[in-house]
Amino acid sequence: MLIKSDNTILRALDIEDAATFFQWSQDREVTQFSISSYAYPQSLADIKQWLSTINATNKTVSFAICCADSNELIGYAGITSISYLNRCGEYFILIGNKTYWGKGIATQVTKLITDYGFNSLGLNRVELTAFASNPAAYRAYEKAGYQHEGVLRQAGFRYGEFFDKVMMAALASDWKNSRT
């Protein structure tokens, strides 16, 4: 399945993406806010194993983010911790190629995947957290239509200290009303 916009193409992740993911994993600036397995050093074989099973459960849907012009892999995003009983999930994104930082890609991809969550997965709520020390992230989420719900005090640990996280969410009813 492909989801296309003006600047990006979202496609399934593939084991062939492993070398690019491994390269990103070596750059602490890229992974510093990641809640995924990037928190710990990994080998190329570890990343290949992870990619081979990434969409093997109905609790997570992950997409490769590619540049529409070059088809270059620039990141990945999706929804995890999906509860079909509660019809909710947690959004995540990583733009691994720093050339694409600050260009609105995160906002655009957040809109696409949130829309997918509501309209294809039937979710009612998509939530996320962002480090309070990463204002670019939560500004991108605001632009995508997410609302602040509160602060999770000292919910993240990086560089030997605790940091607050901002809790945000989008609801299907708000989403549909804002798009009409």
# chains A, B, ... in the order shown; residues from 1 in each chain; ligands from 1

$ residues_around --residues "range 123-139 of chain A" --least-positions-apart "4" --cutoff "6 Å" --atoms "only C-alpha atoms" --output "list in words"
Arg87, Cys88, Gly89, Glu90, Tyr91, Gly117, Phe118, Asp164, Lys165, Val166, Met167, Met168, Ala169, Ala170, Leu171 and Ala172 of chain A

$ write_last_selection --atoms "C-alpha atoms" --output "mmCIF file, in the first residue's frame"
data_model
loop_
_atom_site.group_PDB
_atom_site.id
_atom_site.type_symbol
_atom_site.label_atom_id
_atom_site.label_comp_id
_atom_site.auth_asym_id
_atom_site.auth_seq_id
_atom_site.Cartn_x
_atom_site.Cartn_y
_atom_site.Cartn_z
ATOM 1 C CA ARG A 87 -10.117 2.248 19.397
ATOM 2 C CA CYS A 88 -6.935 4.172 20.164
ATOM 3 C CA GLY A 89 -3.225 4.080 19.446
ATOM 4 C CA GLU A 90 0.012 6.019 19.890
ATOM 5 C CA TYR A 91 1.561 7.945 16.999
ATOM 6 C CA GLY A 117 -5.706 5.752 11.771
ATOM 7 C CA PHE A 118 -9.162 7.284 11.819
ATOM 8 C CA ASP A 164 8.923 16.281 31.140
ATOM 9 C CA LYS A 165 6.874 15.090 28.196
ATOM 10 C CA VAL A 166 3.950 16.875 26.583
ATOM 11 C CA MET A 167 0.857 14.696 26.068
ATOM 12 C CA MET A 168 -1.180 15.436 22.945
ATOM 13 C CA ALA A 169 -4.050 13.736 21.122
ATOM 14 C CA ALA A 170 -6.385 13.968 18.175
ATOM 15 C CA LEU A 171 -9.958 12.652 18.257
ATOM 16 C CA ALA A 172 -11.845 11.348 15.237
#

$ select_by_dssp --residues "range 63-163 of chain A" --states "helix (DSSP H, G or I)" --output "VMD selection string"
chain A and resid 98 to 100 105 to 119 135 to 144

$ atom_distance --atom1 "CA of Gly75 in chain A" --atom2 "CA of Arg153 in chain A"
28.2 Å

$ select_by_dssp --residues "range 78-107 of chain A" --states "strand (DSSP E or B)" --output "list in words"
Gly78, Ile79, Thr80, Ser81, Ile82, Ser83, Cys88, Gly89, Glu90, Tyr91, Phe92, Ile93, Leu94 and Ile95 of chain A

$ write_last_selection --atoms "all heavy atoms" --output "compact mmCIF listing (two decimals), in the first residue's frame"
# COMPACT_ATOMS: atom_id res chain seq x y z
N GLY A 78 4.29 5.82 12.26
CA GLY A 78 3.17 4.90 12.34
C GLY A 78 2.38 5.07 13.62
O GLY A 78 2.49 6.08 14.31
N ILE A 79 1.60 4.06 13.91
CA ILE A 79 0.79 4.03 15.12
C ILE A 79 1.08 2.71 15.82
O ILE A 79 1.03 1.64 15.19
CB ILE A 79 -0.71 4.16 14.80
CG1 ILE A 79 -0.97 5.47 14.05
CG2 ILE A 79 -1.55 4.09 16.07
CD1 ILE A 79 -2.39 5.62 13.53
N THR A 80 1.37 2.77 17.10
CA THR A 80 1.67 1.58 17.88
C THR A 80 0.73 1.49 19.08
O THR A 80 -0.09 2.39 19.29
CB THR A 80 3.15 1.56 18.32
OG1 THR A 80 3.47 0.27 18.83
CG2 THR A 80 3.45 2.64 19.34
N SER A 81 0.84 0.43 19.82
CA SER A 81 -0.02 0.19 21.00
C SER A 81 -1.49 0.33 20.63
O SER A 81 -2.29 0.88 21.39
CB SER A 81 0.35 1.15 22.13
OG SER A 81 1.69 1.00 22.49
N ILE A 82 -1.85 -0.18 19.46
CA ILE A 82 -3.23 -0.07 18.99
C ILE A 82 -4.13 -0.97 19.84
O ILE A 82 -3.85 -2.15 20.01
CB ILE A 82 -3.35 -0.45 17.50
CG1 ILE A 82 -2.54 0.55 16.66
CG2 ILE A 82 -4.81 -0.49 17.07
CD1 ILE A 82 -2.42 0.16 15.20
N SER A 83 -5.18 -0.38 20.37
CA SER A 83 -6.22 -1.12 21.10
C SER A 83 -7.50 -1.03 20.29
O SER A 83 -8.09 0.05 20.18
CB SER A 83 -6.43 -0.53 22.49
OG SER A 83 -7.60 -1.08 23.07
N CYS A 88 -7.95 3.13 20.02
CA CYS A 88 -6.93 4.17 20.16
C CYS A 88 -5.56 3.59 19.87
O CYS A 88 -5.37 2.37 19.81
CB CYS A 88 -6.97 4.79 21.56
SG CYS A 88 -6.56 3.65 22.88
N GLY A 89 -4.60 4.48 19.68
CA GLY A 89 -3.23 4.08 19.45
C GLY A 89 -2.31 5.26 19.67
O GLY A 89 -2.76 6.40 19.87
N GLU A 90 -1.00 4.99 19.64
CA GLU A 90 0.01 6.02 19.89
C GLU A 90 0.82 6.28 18.63
O GLU A 90 1.44 5.37 18.07
CB GLU A 90 0.94 5.59 21.03
CG GLU A 90 1.97 6.64 21.36
CD GLU A 90 2.86 6.25 22.53
OE1 GLU A 90 2.69 5.16 23.10
OE2 GLU A 90 3.75 7.05 22.86
N TYR A 91 0.83 7.53 18.19
CA TYR A 91 1.56 7.95 17.00
C TYR A 91 3.04 8.09 17.30
O TYR A 91 3.44 8.52 18.39
CB TYR A 91 1.00 9.29 16.50
CG TYR A 91 1.75 9.83 15.32
CD1 TYR A 91 1.59 9.28 14.06
CD2 TYR A 91 2.63 10.89 15.47
CE1 TYR A 91 2.29 9.76 12.97
CE2 TYR A 91 3.33 11.39 14.38
CZ TYR A 91 3.16 10.83 13.14
OH TYR A 91 3.86 11.30 12.07
N PHE A 92 3.87 7.76 16.31
CA PHE A 92 5.32 7.98 16.41
C PHE A 92 5.88 8.37 15.05
O PHE A 92 5.29 8.05 14.01
CB PHE A 92 6.05 6.73 16.94
CG PHE A 92 5.99 5.57 15.98
CD1 PHE A 92 6.96 5.40 15.00
CD2 PHE A 92 4.96 4.64 16.06
CE1 PHE A 92 6.89 4.33 14.11
CE2 PHE A 92 4.90 3.57 15.19
CZ PHE A 92 5.87 3.41 14.20
N ILE A 93 6.99 9.07 15.09
CA ILE A 93 7.67 9.47 13.85
C ILE A 93 9.15 9.66 14.13
O ILE A 93 9.53 10.10 15.22
CB ILE A 93 7.06 10.76 13.24
CG1 ILE A 93 7.67 11.06 11.86
CG2 ILE A 93 7.18 11.92 14.19
CD1 ILE A 93 6.94 12.15 11.08
N LEU A 94 9.97 9.34 13.14
CA LEU A 94 11.40 9.62 13.18
C LEU A 94 11.81 10.06 11.78
O LEU A 94 11.62 9.30 10.83
CB LEU A 94 12.21 8.39 13.58
CG LEU A 94 13.72 8.62 13.55
CD1 LEU A 94 14.22 8.99 14.94
CD2 LEU A 94 14.46 7.41 13.03
N ILE A 95 12.27 11.29 11.66
CA ILE A 95 12.87 11.75 10.41
C ILE A 95 14.36 11.53 10.58
O ILE A 95 15.03 12.26 11.31
CB ILE A 95 12.55 13.23 10.11
CG1 ILE A 95 11.05 13.50 10.13
CG2 ILE A 95 13.19 13.66 8.80
CD1 ILE A 95 10.26 12.82 9.03

$ closest_residue --among "A:Lys176, A:Leu13, A:Lys48, A:Glu149" --to "Asn119 in chain A" --atoms "only C-alpha atoms"
A:Lys176

$ closest_residue --among "A:Gln154, A:Ile65, A:Asn58, A:Tyr146" --to "Ile105 in chain A" --atoms "only C-alpha atoms"
A:Ile65

$ closest_residue --among "A:Phe163, A:Asp17, A:Thr114, A:Thr107" --to "Ala140 in chain A" --atoms "only C-alpha atoms"
A:Thr107

$ closest_residue --among "A:Tyr116, A:Ile54, A:Ile9, A:Gly122" --to "Cys67 in chain A" --atoms "only C-alpha atoms"
A:Ile9

$ residues_around --residues "Gly104 in chain A" --least-positions-apart "2" --cutoff "12 Å" --atoms "only C-alpha atoms" --output "PyMOL selection string"
chain A and resi 6-8+95+99-102+106-111+136-137+139-141+143-144

$ decode --residues "range 62-155 of chain A" --atoms "C-alpha atoms" --output "CSV table (one decimal), in the first residue's frame"
chain,number,residue,atom,x,y,z
A,62,SER,CA,4.6,1.3,10.4
A,63,PHE,CA,5.4,3.1,7.2
A,64,ALA,CA,8.6,4.2,5.5
A,65,ILE,CA,8.7,7.9,4.7
A,66,CYS,CA,10.2,8.5,1.3
A,67,CYS,CA,10.8,11.7,-0.6
A,68,ALA,CA,8.3,11.9,-3.5
A,69,ASP,CA,10.9,13.3,-5.9
A,70,SER,CA,13.8,10.9,-5.3
A,71,ASN,CA,12.1,7.9,-3.5
A,72,GLU,CA,14.9,8.2,-0.9
A,73,LEU,CA,14.0,6.8,2.5
A,74,ILE,CA,14.0,9.7,4.9
A,75,GLY,CA,12.3,8.3,8.0
A,76,TYR,CA,9.5,6.2,9.3
A,77,ALA,CA,6.3,6.7,11.2
A,78,GLY,CA,3.2,4.9,12.3
A,79,ILE,CA,0.8,4.0,15.1
A,80,THR,CA,1.7,1.6,17.9
A,81,SER,CA,0.0,0.2,21.0
A,82,ILE,CA,-3.2,-0.1,19.0
A,83,SER,CA,-6.2,-1.1,21.1
A,84,TYR,CA,-9.1,-2.1,18.9
A,85,LEU,CA,-11.3,-2.5,22.1
A,86,ASN,CA,-10.6,1.2,23.0
A,87,ARG,CA,-10.1,2.2,19.4
A,88,CYS,CA,-6.9,4.2,20.2
A,89,GLY,CA,-3.2,4.1,19.4
A,90,GLU,CA,0.0,6.0,19.9
A,91,TYR,CA,1.6,7.9,17.0
A,92,PHE,CA,5.3,8.0,16.4
A,93,ILE,CA,7.7,9.5,13.8
A,94,LEU,CA,11.4,9.6,13.2
A,95,ILE,CA,12.9,11.7,10.4
A,96,GLY,CA,16.3,10.1,10.1
A,97,ASN,CA,17.7,12.2,7.3
A,98,LYS,CA,18.5,15.6,8.8
A,99,THR,CA,18.4,17.2,5.4
A,100,TYR,CA,14.6,17.0,5.7
A,101,TRP,CA,14.3,18.5,9.2
A,102,GLY,CA,12.4,21.8,9.4
A,103,LYS,CA,10.7,21.4,6.0
A,104,GLY,CA,7.2,20.5,7.2
A,105,ILE,CA,7.6,16.8,6.5
A,106,ALA,CA,6.7,15.8,10.0
A,107,THR,CA,3.5,17.8,10.0
A,108,GLN,CA,2.5,16.4,6.6
A,109,VAL,CA,3.2,12.8,7.5
A,110,THR,CA,1.5,13.2,10.9
A,111,LYS,CA,-1.7,14.3,9.1
A,112,LEU,CA,-1.5,11.4,6.6
A,113,ILE,CA,-1.0,8.7,9.3
A,114,THR,CA,-3.5,10.2,11.7
A,115,ASP,CA,-6.1,10.2,8.9
A,116,TYR,CA,-5.2,6.6,8.1
A,117,GLY,CA,-5.7,5.8,11.8
A,118,PHE,CA,-9.2,7.3,11.8
A,119,ASN,CA,-10.4,6.3,8.4
A,120,SER,CA,-8.7,3.0,7.7
A,121,LEU,CA,-8.1,1.5,11.2
A,122,GLY,CA,-11.4,2.9,12.7
A,123,LEU,CA,-9.6,4.5,15.6
A,124,ASN,CA,-11.3,7.2,17.7
A,125,ARG,CA,-8.2,8.6,19.4
A,126,VAL,CA,-4.6,8.9,18.4
A,127,GLU,CA,-2.2,10.1,21.1
A,128,LEU,CA,1.4,10.9,21.4
A,129,THR,CA,4.1,12.3,23.7
A,130,ALA,CA,6.9,14.6,22.9
A,131,PHE,CA,9.8,15.7,25.1
A,132,ALA,CA,9.0,19.2,26.4
A,133,SER,CA,12.6,20.0,25.5
A,134,ASN,CA,11.8,19.4,21.8
A,135,PRO,CA,9.4,22.3,20.9
A,136,ALA,CA,9.8,21.7,17.1
A,137,ALA,CA,8.1,18.3,17.6
A,138,TYR,CA,5.1,19.5,19.4
A,139,ARG,CA,4.7,22.5,17.1
A,140,ALA,CA,4.6,20.1,14.2
A,141,TYR,CA,1.9,18.1,16.0
A,142,GLU,CA,-0.1,21.2,16.7
A,143,LYS,CA,0.0,22.2,13.0
A,144,ALA,CA,-1.2,18.7,12.2
A,145,GLY,CA,-4.3,19.1,14.5
A,146,TYR,CA,-3.2,17.6,17.8
A,147,GLN,CA,-4.3,19.2,21.0
A,148,HIS,CA,-2.3,19.5,24.3
A,149,GLU,CA,-3.7,17.4,27.1
A,150,GLY,CA,-1.1,17.9,29.7
A,151,VAL,CA,2.4,17.3,30.9
A,152,LEU,CA,3.8,14.0,32.1
A,153,ARG,CA,6.3,15.1,34.7
A,154,GLN,CA,9.7,13.5,34.4
A,155,ALA,CA,8.4,10.9,32.0
